[in-house]
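**Student:** Input query.cif, format and content: mmCIF, C-alpha atoms.
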data_query
#
loop_
_atom_site.label_atom_id
_atom_site.label_comp_id
_atom_site.auth_asym_id
_atom_site.auth_seq_id
_atom_site.Cartn_x
_atom_site.Cartn_y
_atom_site.Cartn_z
CA MET A 360 0.00 0.00 0.00
CA ARG A 361 1.50 3.31 -1.10
CA MET A 362 1.36 6.11 1.43
CA SER A 363 2.11 9.80 1.10
CA LEU A 364 2.37 12.24 3.98
CA THR A 365 2.18 15.79 2.64
CA LEU A 366 1.90 18.93 4.72
CA VAL A 367 -0.69 21.45 3.60
CA VAL A 368 0.50 24.83 2.34
CA LEU A 369 -2.46 27.08 1.60
CA GLY A 370 -2.28 29.29 -1.48
CA LEU A 371 -3.13 32.92 -2.02
CA SER A 372 -6.51 33.98 -0.73
CA CYS A 373 -9.41 35.61 -2.41
CA VAL A 374 -10.69 38.92 -1.06
CA SER A 375 -13.38 38.51 1.57
CA ALA A 376 -13.20 41.75 3.56
CA PHE A 377 -12.20 45.34 2.97
CA GLY A 378 -10.37 47.66 5.38
CA ALA A 379 -10.75 51.28 6.31
CA GLY A 380 -8.57 54.20 5.25
CA GLY A 381 -9.09 57.68 3.93
CA ASP A 382 -6.09 58.05 1.65
CA SER A 383 -4.32 56.07 -1.05
CA VAL A 384 -3.62 53.25 1.44
CA ARG A 385 -6.21 50.50 1.71
CA VAL A 386 -6.15 47.60 4.18
CA THR A 387 -8.15 44.43 3.63
CA ALA A 388 -8.56 41.12 5.44
CA GLN A 389 -8.64 38.00 3.28
CA VAL A 390 -9.18 34.28 3.83
CA ASP A 391 -8.96 31.54 1.23
CA THR A 392 -12.47 30.09 0.91
CA SER A 393 -11.78 28.15 -2.30
CA ARG A 394 -11.40 25.00 -0.20
CA ASP A 395 -13.22 23.78 2.87
CA ILE A 396 -11.86 24.78 6.26
CA TYR A 397 -12.30 22.05 8.83
CA ALA A 398 -12.56 22.20 12.61
CA GLY A 399 -9.19 21.72 14.30
CA GLU A 400 -7.21 22.78 11.24
CA ASP A 401 -5.03 25.82 10.69
CA PHE A 402 -5.98 28.25 7.96
CA GLN A 403 -4.34 31.40 6.61
CA TYR A 404 -5.62 34.86 7.43
CA HIS A 405 -4.07 37.62 5.30
CA ILE A 406 -3.81 41.34 5.98
CA ILE A 407 -3.32 42.99 2.57
CA ILE A 408 -1.92 46.52 2.53
CA ASP A 409 -2.35 48.30 -0.81
CA GLY A 410 -0.57 51.59 -1.43
CA ALA A 411 2.39 50.98 0.89
CA ARG A 412 5.58 48.92 0.83
CA GLN A 413 6.02 48.49 4.55
CA ALA A 414 4.35 46.26 7.09
CA GLY A 415 1.88 47.65 9.56
CA GLN A 416 1.47 47.01 13.27
CA VAL A 417 -1.45 44.58 13.55
CA ASP A 418 -3.45 44.27 16.77
CA THR A 419 -4.26 40.56 16.75
CA ALA A 420 -5.96 40.59 20.18
CA PRO A 421 -9.49 40.30 18.66
CA LEU A 422 -8.31 37.07 16.97
CA ASN A 423 -7.07 35.44 20.20
CA PRO A 424 -9.90 32.83 20.28
CA TRP A 425 -8.37 31.44 17.06
CA ASN A 426 -4.75 31.39 18.33
CA PRO A 427 -3.15 33.81 15.80
CA ARG A 428 0.48 33.11 14.84
CA SER A 429 2.53 35.14 12.43
CA ALA A 430 3.45 33.26 9.25
CA GLY A 431 5.59 35.97 7.68
CA MET A 432 5.25 38.85 5.27
CA GLN A 433 5.48 39.00 1.49
CA ASP A 434 6.07 41.97 -0.80
CA LEU A 435 3.63 41.60 -3.71
CA SER A 436 4.43 44.96 -5.31
CA ARG A 437 4.89 45.03 -9.08
CA THR A 438 5.54 47.43 -11.93
CA VAL A 439 3.04 47.59 -14.81
CA THR A 440 3.93 49.16 -18.16
CA GLN A 441 1.21 50.03 -20.72
CA ILE A 442 1.57 51.26 -24.30
CA ILE A 443 -1.42 53.23 -25.61
CA ASN A 444 -1.31 54.99 -29.00
CA GLY A 445 2.44 54.59 -29.09
CA ARG A 446 2.93 56.15 -25.68
CA SER A 447 4.12 54.08 -22.74
CA SER A 448 3.23 54.63 -19.13
CA THR A 449 4.58 52.90 -16.06
CA GLN A 450 2.69 52.38 -12.84
CA VAL A 451 4.06 50.95 -9.61
CA ILE A 452 1.48 48.93 -7.69
CA GLU A 453 2.49 48.64 -4.05
CA ARG A 454 1.15 45.73 -2.02
CA ILE A 455 2.23 43.96 1.17
CA ALA A 456 0.71 40.70 2.47
CA MET A 457 0.98 39.91 6.19
CA THR A 458 -0.08 36.32 6.89
CA TYR A 459 -1.26 34.74 10.14
CA LEU A 460 -2.19 31.16 10.95
CA LEU A 461 -5.50 30.74 12.77
CA THR A 462 -7.09 27.56 14.14
CA ALA A 463 -10.81 26.83 13.81
CA PRO A 464 -11.68 25.04 17.08
CA VAL A 465 -15.20 23.87 16.25
CA ALA A 466 -17.44 23.44 13.24
CA GLY A 467 -20.06 26.04 12.34
CA ARG A 468 -20.34 29.56 11.05
CA ILE A 469 -17.83 31.97 12.60
CA THR A 470 -17.08 35.66 12.18
CA LEU A 471 -13.53 36.91 12.51
CA PRO A 472 -13.80 40.40 13.99
CA SER A 473 -12.31 43.60 12.65
CA VAL A 474 -8.65 44.23 13.48
CA SER A 475 -6.74 47.50 13.53
CA VAL A 476 -3.50 48.11 11.60
CA VAL A 477 -1.21 51.09 12.24
CA ILE A 478 0.69 52.33 9.18
CA GLN A 479 2.92 55.42 9.51
CA GLY A 480 1.01 56.56 12.58
CA ARG A 481 -2.41 56.20 10.98
CA ILE A 482 -4.95 53.58 12.10
CA TYR A 483 -6.81 51.45 9.56
CA ARG A 484 -9.46 48.83 10.32
CA THR A 485 -10.49 45.76 8.38
CA GLU A 486 -14.05 44.55 7.99
CA PRO A 487 -15.14 41.31 9.76
CA VAL A 488 -14.77 38.06 7.81
CA THR A 489 -17.46 35.36 8.00
CA LEU A 490 -16.50 31.74 7.38
CA ASN A 491 -18.12 28.31 7.42
CA ILE A 492 -16.12 25.70 9.33
CA ALA A 493 -16.86 22.15 8.24
CA GLU A 494 -16.88 19.04 10.41
CA PRO A 495 -14.53 16.36 9.02
CA GLY A 496 -15.42 12.70 9.04
CA THR A 497 -14.14 10.06 11.44
CA THR A 498 -12.82 6.57 10.70
CA ASP A 499 -11.09 3.69 12.47
CA LEU A 500 -8.56 3.57 9.61
CA LEU A 501 -6.76 6.53 11.22
CA ASP A 502 -5.32 6.90 14.71
CA VAL A 503 -2.92 9.27 16.42
CA GLU A 504 -1.04 9.11 19.71
CA ILE A 505 1.20 11.60 21.52
CA ALA A 506 3.85 10.70 24.08
CA VAL A 507 6.32 12.74 26.11
CA THR A 508 9.22 10.80 27.64
CA PRO A 509 9.81 11.01 30.54
CA SER A 510 6.46 12.18 31.90
CA GLN A 511 8.19 13.68 34.96
CA CYS A 512 11.34 15.76 34.58
CA TYR A 513 13.29 18.80 35.76
CA VAL A 514 13.56 22.29 34.31
CA GLY A 515 16.02 22.11 31.42
CA GLN A 516 15.84 18.33 31.09
CA PRO A 517 15.38 17.17 27.49
CA VAL A 518 12.01 15.48 26.90
CA GLU A 519 11.33 13.52 23.73
CA LEU A 520 8.08 14.44 22.02
CA ALA A 521 6.72 11.71 19.73
CA VAL A 522 3.54 11.94 17.66
CA ARG A 523 2.58 8.58 16.11
CA PHE A 524 0.13 8.69 13.20
CA PHE A 525 -1.31 5.32 12.08
CA VAL A 526 -2.78 5.15 8.57
CA GLY A 527 -4.69 2.22 7.09
CA GLN A 528 -5.55 3.74 3.71
CA ASP A 529 -4.06 6.03 1.06
CA ILE A 530 -3.89 9.64 2.26
CA ARG A 531 -2.77 13.05 1.07
CA ASN A 532 -2.64 16.66 2.32
CA SER A 533 -2.20 15.88 6.01
CA GLN A 534 -2.25 18.73 8.50
CA PHE A 535 -1.05 18.39 12.08
CA ASN A 536 -2.12 20.61 14.95
CA ILE A 537 0.23 20.02 17.92
CA PRO A 538 -0.69 22.58 20.60
CA VAL A 539 2.28 21.81 22.89
CA LEU A 540 4.63 23.24 20.24
CA ALA A 541 3.07 26.68 20.79
CA ASN A 542 3.39 26.52 24.58
CA ASP A 543 5.99 29.04 25.77
CA ALA A 544 6.74 26.81 28.76
CA PHE A 545 8.87 24.70 26.40
CA ARG A 546 11.66 25.39 23.94
CA LEU A 547 11.72 23.24 20.83
CA GLU A 548 15.10 21.79 19.84
CA MET A 549 16.19 19.50 17.03
CA PRO A 550 17.88 16.22 18.07
CA ASP A 551 21.68 16.02 17.97
CA THR A 552 21.59 13.66 14.98
CA ILE A 553 19.02 12.73 12.35
CA PRO A 554 18.35 8.96 12.11
CA ALA A 555 19.08 7.21 8.82
CA GLY A 556 16.04 7.22 6.56
CA ALA A 557 14.37 10.08 8.43
CA SER A 558 13.28 13.35 6.85
CA GLN A 559 12.59 16.84 8.16
CA SER A 560 9.16 18.44 7.73
CA GLU A 561 8.23 22.02 8.53
CA LEU A 562 4.81 21.98 10.23
CA ALA A 563 4.73 25.76 10.58
CA PRO A 564 7.20 28.63 10.21
CA GLY A 565 10.06 27.85 12.57
CA VAL A 566 8.62 24.48 13.63
CA THR A 567 10.41 21.47 12.14
CA MET A 568 9.90 17.82 13.10
CA ILE A 569 11.87 14.66 12.31
CA VAL A 570 9.64 12.18 10.42
CA THR A 571 10.12 8.44 9.99
CA GLN A 572 7.85 5.89 8.28
CA GLN A 573 7.46 2.17 8.80
CA THR A 574 4.91 -0.60 8.28
CA THR A 575 3.37 -2.03 11.45
CA VAL A 576 0.28 -3.68 12.88
CA HIS A 577 -2.02 -1.43 14.88
CA LYS A 578 -5.17 -2.67 16.61
CA GLY A 579 -5.03 -5.89 14.60
CA ARG A 580 -4.79 -4.11 11.24
CA ARG A 581 -1.82 -3.49 8.95
CA ALA A 582 -0.96 0.20 8.90
CA GLU A 583 1.69 2.71 7.93
CA LEU A 584 3.16 4.46 10.95
CA PHE A 585 4.43 8.02 10.58
CA THR A 586 6.34 9.16 13.67
CA LEU A 587 7.09 12.85 14.22
CA ARG A 588 9.79 13.53 16.82
CA ASN A 589 11.54 16.44 18.45
CA ILE A 590 13.00 17.59 21.77
CA LEU A 591 11.21 19.78 24.32
CA LEU A 592 13.25 21.69 26.90
CA PRO A 593 11.01 22.76 29.84
CA GLN A 594 11.62 26.38 30.81
CA ARG A 595 9.75 26.53 34.12
CA PRO A 596 8.34 24.18 36.75
CA GLY A 597 4.71 23.08 36.97
CA THR A 598 2.26 20.46 35.76
CA PHE A 599 1.37 21.08 32.13
CA ALA A 600 -1.52 19.62 30.17
CA ILE A 601 -0.39 18.09 26.89
CA GLU A 602 -3.42 18.92 24.79
CA PRO A 603 -4.61 16.41 22.17
CA VAL A 604 -2.98 16.36 18.76
CA THR A 605 -5.37 16.77 15.83
CA VAL A 606 -4.59 15.40 12.38
CA SER A 607 -6.75 16.21 9.36
CA THR A 608 -6.13 14.40 6.11
CA ASP A 609 -7.72 13.51 2.77
CA MET A 610 -8.23 9.74 2.69
CA ALA A 611 -9.17 7.59 -0.29
CA VAL A 612 -12.75 6.36 -0.01
CA GLY A 613 -13.30 4.85 -3.46
CA ARG A 614 -12.89 5.38 -7.19
CA THR A 615 -15.03 6.98 -9.88
CA ARG A 616 -14.86 6.54 -13.64
CA SER A 617 -14.93 9.51 -15.99
CA ARG A 618 -17.60 9.41 -18.69
CA ASP A 619 -16.63 10.04 -22.30
CA PRO A 620 -18.05 13.40 -23.47
CA PHE A 621 -19.09 11.91 -26.84
CA PHE A 622 -20.40 8.53 -25.82
CA ASP A 623 -22.71 7.61 -22.99
CA ASP A 624 -20.22 5.06 -21.75
CA PHE A 625 -17.19 4.87 -19.51
CA SER A 626 -14.04 6.36 -20.99
CA PHE A 627 -10.86 4.42 -21.58
CA PHE A 628 -9.11 7.07 -19.46
CA GLY A 629 -10.00 4.89 -16.45
CA SER A 630 -11.02 5.82 -12.94
CA GLN A 631 -9.93 8.42 -10.44
CA THR A 632 -9.50 8.04 -6.71
CA GLN A 633 -12.06 9.81 -4.55
CA TYR A 634 -10.84 11.47 -1.37
CA LYS A 635 -12.76 12.69 1.63
CA ARG A 636 -11.55 14.80 4.57
CA PHE A 637 -11.18 12.95 7.87
CA GLN A 638 -9.89 13.97 11.25
CA VAL A 639 -8.49 12.08 14.22
CA ARG A 640 -7.59 13.28 17.71
CA SER A 641 -5.23 11.87 20.34
CA GLN A 642 -5.90 11.42 24.02
CA PRO A 643 -4.68 14.20 26.34
CA SER A 644 -1.74 13.67 28.68
CA SER A 645 0.35 15.72 31.08
CA LEU A 646 3.95 16.54 31.96
CA THR A 647 5.22 17.37 35.44
CA VAL A 648 8.30 19.61 35.57
CA ARG A 649 10.19 19.93 38.86
CA PRO A 650 12.39 22.92 39.75
CA LEU A 651 16.14 22.49 40.09
CA PRO A 652 17.25 22.56 43.73
CA ALA A 653 18.85 25.78 44.90
CA GLU A 654 21.18 24.12 47.40
CA ASN A 655 24.56 22.60 46.47
CA ARG A 656 24.53 24.22 43.03
CA PRO A 657 28.17 24.11 41.83
CA ALA A 658 30.06 27.12 40.47
CA GLY A 659 29.93 27.31 36.70
CA PHE A 660 26.59 25.49 36.41
CA TYR A 661 24.69 26.93 33.42
CA GLY A 662 21.58 24.74 33.36
CA LEU A 663 22.89 21.50 31.86
CA VAL A 664 20.52 18.68 32.89
CA GLY A 665 21.35 15.07 32.10
CA ASP A 666 24.13 12.57 32.81
CA TYR A 667 27.42 13.51 31.16
CA GLU A 668 31.06 12.49 30.87
CA ILE A 669 33.99 14.61 29.75
CA MET A 670 37.44 13.58 28.54
CA ALA A 671 40.43 15.32 26.98
CA GLU A 672 43.51 14.40 24.98
CA ALA A 673 46.50 16.37 23.69
CA SER A 674 48.14 16.04 20.29
CA VAL A 675 51.63 16.09 21.85
CA THR A 676 52.93 15.77 25.40
CA LYS A 677 56.62 16.66 24.87
CA VAL A 678 57.06 20.24 23.69
CA ASN A 679 59.20 23.34 23.96
CA ILE A 680 57.90 26.58 25.41
CA GLY A 681 55.55 28.17 22.86
CA ASP A 682 55.00 25.04 20.79
CA PRO A 683 51.34 24.50 19.78
CA ILE A 684 49.39 21.79 21.60
CA THR A 685 46.03 20.77 20.14
CA LEU A 686 43.65 20.02 23.00
CA CYS A 687 40.62 17.90 22.08
CA ILE A 688 37.76 17.90 24.61
CA LYS A 689 34.94 15.36 24.19
CA VAL A 690 31.60 15.35 26.02
CA ALA A 691 29.27 12.33 25.96
CA GLY A 692 26.02 11.51 27.67
CA GLY A 693 22.60 13.08 27.31
CA PHE A 694 21.34 15.73 24.92
CA LEU A 695 24.51 17.37 23.58
CA LYS A 696 23.16 20.51 21.94
CA PRO A 697 23.02 22.58 25.19
CA VAL A 698 26.63 21.67 26.10
CA GLN A 699 28.70 24.87 25.93
CA TRP A 700 32.37 25.55 25.34
CA PRO A 701 34.35 24.88 28.56
CA ASP A 702 35.64 28.17 29.99
CA LEU A 703 39.36 27.36 29.90
CA SER A 704 40.37 30.84 31.03
CA ALA A 705 38.46 30.26 34.30
CA ILE A 706 40.82 27.40 35.28
CA PRO A 707 43.62 29.14 37.26
CA ASP A 708 46.48 26.74 36.38
CA LEU A 709 45.48 26.70 32.74
CA ALA A 710 45.19 30.49 32.47
CA ARG A 711 48.50 31.03 34.32
CA ASN A 712 50.67 28.50 32.48
CA PHE A 713 49.25 28.52 28.96
CA LYS A 714 48.49 30.99 26.23
CA ILE A 715 44.83 30.45 25.27
CA PRO A 716 43.77 32.09 21.98
CA GLU A 717 40.47 33.96 22.01
CA GLN A 718 39.45 32.32 18.74
CA GLN A 719 37.54 29.06 19.13
CA ALA A 720 36.62 26.51 16.51
CA SER A 721 32.94 25.60 16.25
CA PRO A 722 32.18 22.34 18.10
CA VAL A 723 30.95 19.31 16.16
CA VAL A 724 28.80 16.33 17.14
CA GLU A 725 30.18 13.02 15.88
CA ASN A 726 29.98 9.40 17.03
CA GLY A 727 27.97 10.32 20.11
CA PHE A 728 30.40 13.02 21.30
CA LYS A 729 30.38 16.80 21.22
CA VAL A 730 33.93 17.70 20.30
CA PHE A 731 35.71 20.96 21.17
CA THR A 732 39.19 21.68 19.77
CA GLN A 733 41.54 24.38 21.11
CA THR A 734 45.23 25.22 20.59
CA LEU A 735 47.31 25.86 23.71
CA ARG A 736 50.94 27.00 24.16
CA ALA A 737 52.88 26.51 27.39
CA ASN A 738 54.52 29.75 28.54
CA ASN A 739 57.14 28.30 30.93
CA ASP A 740 59.13 25.12 31.44
CA SER A 741 57.75 24.46 34.94
CA VAL A 742 54.48 23.21 33.47
CA THR A 743 53.97 19.53 34.20
CA GLU A 744 50.40 18.93 33.08
CA ILE A 745 47.27 20.22 31.40
CA PRO A 746 44.98 20.47 34.43
CA SER A 747 41.60 18.82 34.85
CA ILE A 748 38.60 20.45 33.09
CA GLU A 749 35.26 20.39 34.90
CA LEU A 750 31.72 20.06 33.54
CA PRO A 751 29.02 20.79 36.17
CA TYR A 752 25.56 19.33 35.53
CA PHE A 753 22.42 18.19 37.27
CA SER A 754 21.76 14.45 37.19
CA PRO A 755 18.01 13.72 36.92
CA THR A 756 18.59 10.04 37.70
CA LYS A 757 20.27 10.87 41.02
CA GLY A 758 18.32 14.07 41.68
CA GLN A 759 21.45 16.01 42.55
CA TYR A 760 24.23 18.14 41.07
CA ALA A 761 27.44 16.50 39.90
CA ILE A 762 30.73 17.52 38.26
CA ALA A 763 32.38 15.52 35.49
CA ARG A 764 36.16 16.00 35.20
CA THR A 765 38.83 15.17 32.67
CA LYS A 766 42.02 13.47 33.80
CA PRO A 767 45.07 15.76 33.94
CA ILE A 768 47.34 15.28 30.93
CA PRO A 769 51.08 14.98 31.84
CA LEU A 770 53.37 17.32 29.89
CA GLU A 771 57.13 17.68 29.46
CA VAL A 772 58.03 21.26 28.55
CA ALA A 773 61.60 22.18 27.64
CA GLN A 774 63.12 25.63 27.34
CA THR A 775 63.11 27.05 23.87
CA ARG A 776 66.60 26.80 22.41
CA ILE A 777 67.80 29.92 20.59
CA LEU A 778 70.13 29.17 17.67
CA THR A 779 73.29 31.31 17.45
CA GLY A 780 75.49 32.07 14.45
CA ALA A 781 77.95 29.49 15.66
CA ASP A 782 75.16 26.87 15.70
CA ILE A 783 74.36 27.67 12.11
CA GLU A 784 78.03 27.89 10.89
CA GLY A 785 79.42 25.14 13.06
CA ARG A 786 81.29 24.98 16.39
CA GLN A 787 84.86 25.01 14.84
CA SER A 788 86.24 26.59 11.68
CA VAL A 789 88.63 24.40 9.69
CA THR A 790 91.04 25.73 7.05
CA LEU A 791 91.19 23.54 3.98
CA SER A 792 94.36 23.48 1.88
CA LYS A 793 94.63 22.52 -1.71
#
In structure tokens, what does this structure look like?
**Tutor:**
Amino acid sequence: MRMSLTLVVLGLSCVSAFGAGGDSVRVTAQVDTSRDIYAGEDFQYHIIIDGARQAGQVDTAPLNPWNPRSAGMQDLSRTVTQIINGRSSTQVIERIAMTYLLTAPVAGRITLPSVSVVIQGRIYRTEPVTLNIAEPGTTDLLDVEIAVTPSQCYVGQPVELAVRFFVGQDIRNSQFNIPVLANDAFRLEMPDTIPAGASQSELAPGVTMIVTQQTTVHKGRRAELFTLRNILLPQRPGTFAIEPVTVSTDMAVGRTRSRDPFFDDFSFFGSQTQYKRFQVRSQPSSLTVRPLPAENRPAGFYGLVGDYEIMAEASVTKVNIGDPITLCIKVAGGFLKPVQWPDLSAIPDLARNFKIPEQQASPVVENGFKVFTQTLRANNDSVTEIPSIELPYFSPTKGQYAIARTKPIPLEVAQTRILTGADIEGRQSVTLSK
């Protein structure tokens, strides 16, 4: 069974409301009504500004019941040249489109209220927009689940978000509404690595999920499983409701045959698949986020939560004063993206005995490690080691702070030998005779 998971991108809208304005600037509100809008789905709401080439300040507060989110701005201005009776004239048509995503919570007839837009200190108002929100069908051929792992965590602890979408029939034009992604209590982060065979899909501007597909058996029926994953970083403590995920999709419900326009019979062009809009909703869940303890917090702790290890190695261990030493620092353990550059200048022995360049190479994640590379130069011959480097973190498994440390790296540093003229010419001069 061939499956296709395609995210909906709505096209340009048709005009459905006109704004206010007493000069050459006109502001209108527009919604695309060329296709059905279903309950639980996002749809595009456009503020069109004619007669100006700059965005306005839109008061979206009246649209709060529909969860307005900015989806960017587009300059639609164009230049039109006309030739009449051999004479040409050029006209510049200025137009800006400001787009917002809204969510229709329930089916029925709704009216989006007027909103105000400030352009160059002048206030313009749109007219209300009336829409019909359709109720999609339901079917046991679709199912969706949402899981957050673990369900109890600490502030800053990475939590895996997984949305599992089970499909038992051909689908197209799927649209996901995942409310937790819009919750400011969490920061969305991409995983350290992308699994083989996975793809990246942008659900909304700035919201990207990792998608994998596999064949499985769900509730006794063969199905295609689409799994959308990402990482949530809780920003504050509390118990948060993980609202249900809603997925709307066009699912194949049968086939129709096209009739030949010249003969009252079925055409040899064959049949076409019929699709109908369906919607499925997950069960709600919750996530409990605990605060990090204030006591015993180590110096240098910057919010790293997980279980980590740190190690270091030097490219050479026998050098002269001033010779370059490449120090490679590797961190392994939990979610690696939040791991920051170790502050080498804050280690007294390292800052006193080594020259540490201000320039730093960008870290890389490879083979399960986050790798930092830095060049050091010993500044005296009394140096005997590269001292231990610390990584403070909070261990959620132990419920306490901890410090990972590298092992000191022994060094042998010799004085820099300065070559004299005698070294270059030789210790003794010898007269050669014929």
**Student:** What would the selection look like, as a VMD selection string, if the PyMOL selection byres ((chain A and resi 741) around 10) were run on the coordinates I just shared?
**Tutor:** chain A and resid 680 712 737 to 740 742 to 744 770 to 774
**Student:** Which residues are near region 554-559 of chain A? Cut-off 7 Å, all atoms listed in the file, ignore same chain within fewer than 2 positions. Put them as a count of residues only.
**Tutor:** 7
**Student:** Hey, what's within 10 Å of Ile408 (chain A) if we count all atoms listed in the file and toss same-chain stuff fewer than 6 positions away? As a list of chain:residue names, please?
**Tutor:** A:Gly378, A:Val384, A:Arg385, A:Val386, A:Thr387, A:Ala388, A:Ala414, A:Gly415, A:Asp434, A:Leu435, A:Glu453, A:Arg454, A:Ile455, A:Ala456, A:Met457, A:Val476, A:Ile478, A:Tyr483
**Student:** Compare A:Ile706, A:Val678, A:Ile492, A:Leu461 by their minimum atom-to-atom distance to Ala658 (chain A), counting all atoms listed in the file, and give me the closest one.
**Tutor:** A:Ile706
**Student:** Report the distance between CA of Arg636 (chain A) and CA of Ile469 (chain A) in Å, rounded to one decimal place.
**Tutor:**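 Interatomic distance here is 20.0 Å.
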**Student:** If we count all atoms listed in the file and set the cut-off at 7 Å, which residues sit around Pro751 (chain A), ignoring sequence neighbours fewer than 3 positions away in its own chain? Please answer as JSON, numbers by chain.
**Tutor:** {"A": [657, 659, 660, 761, 762, 763]}
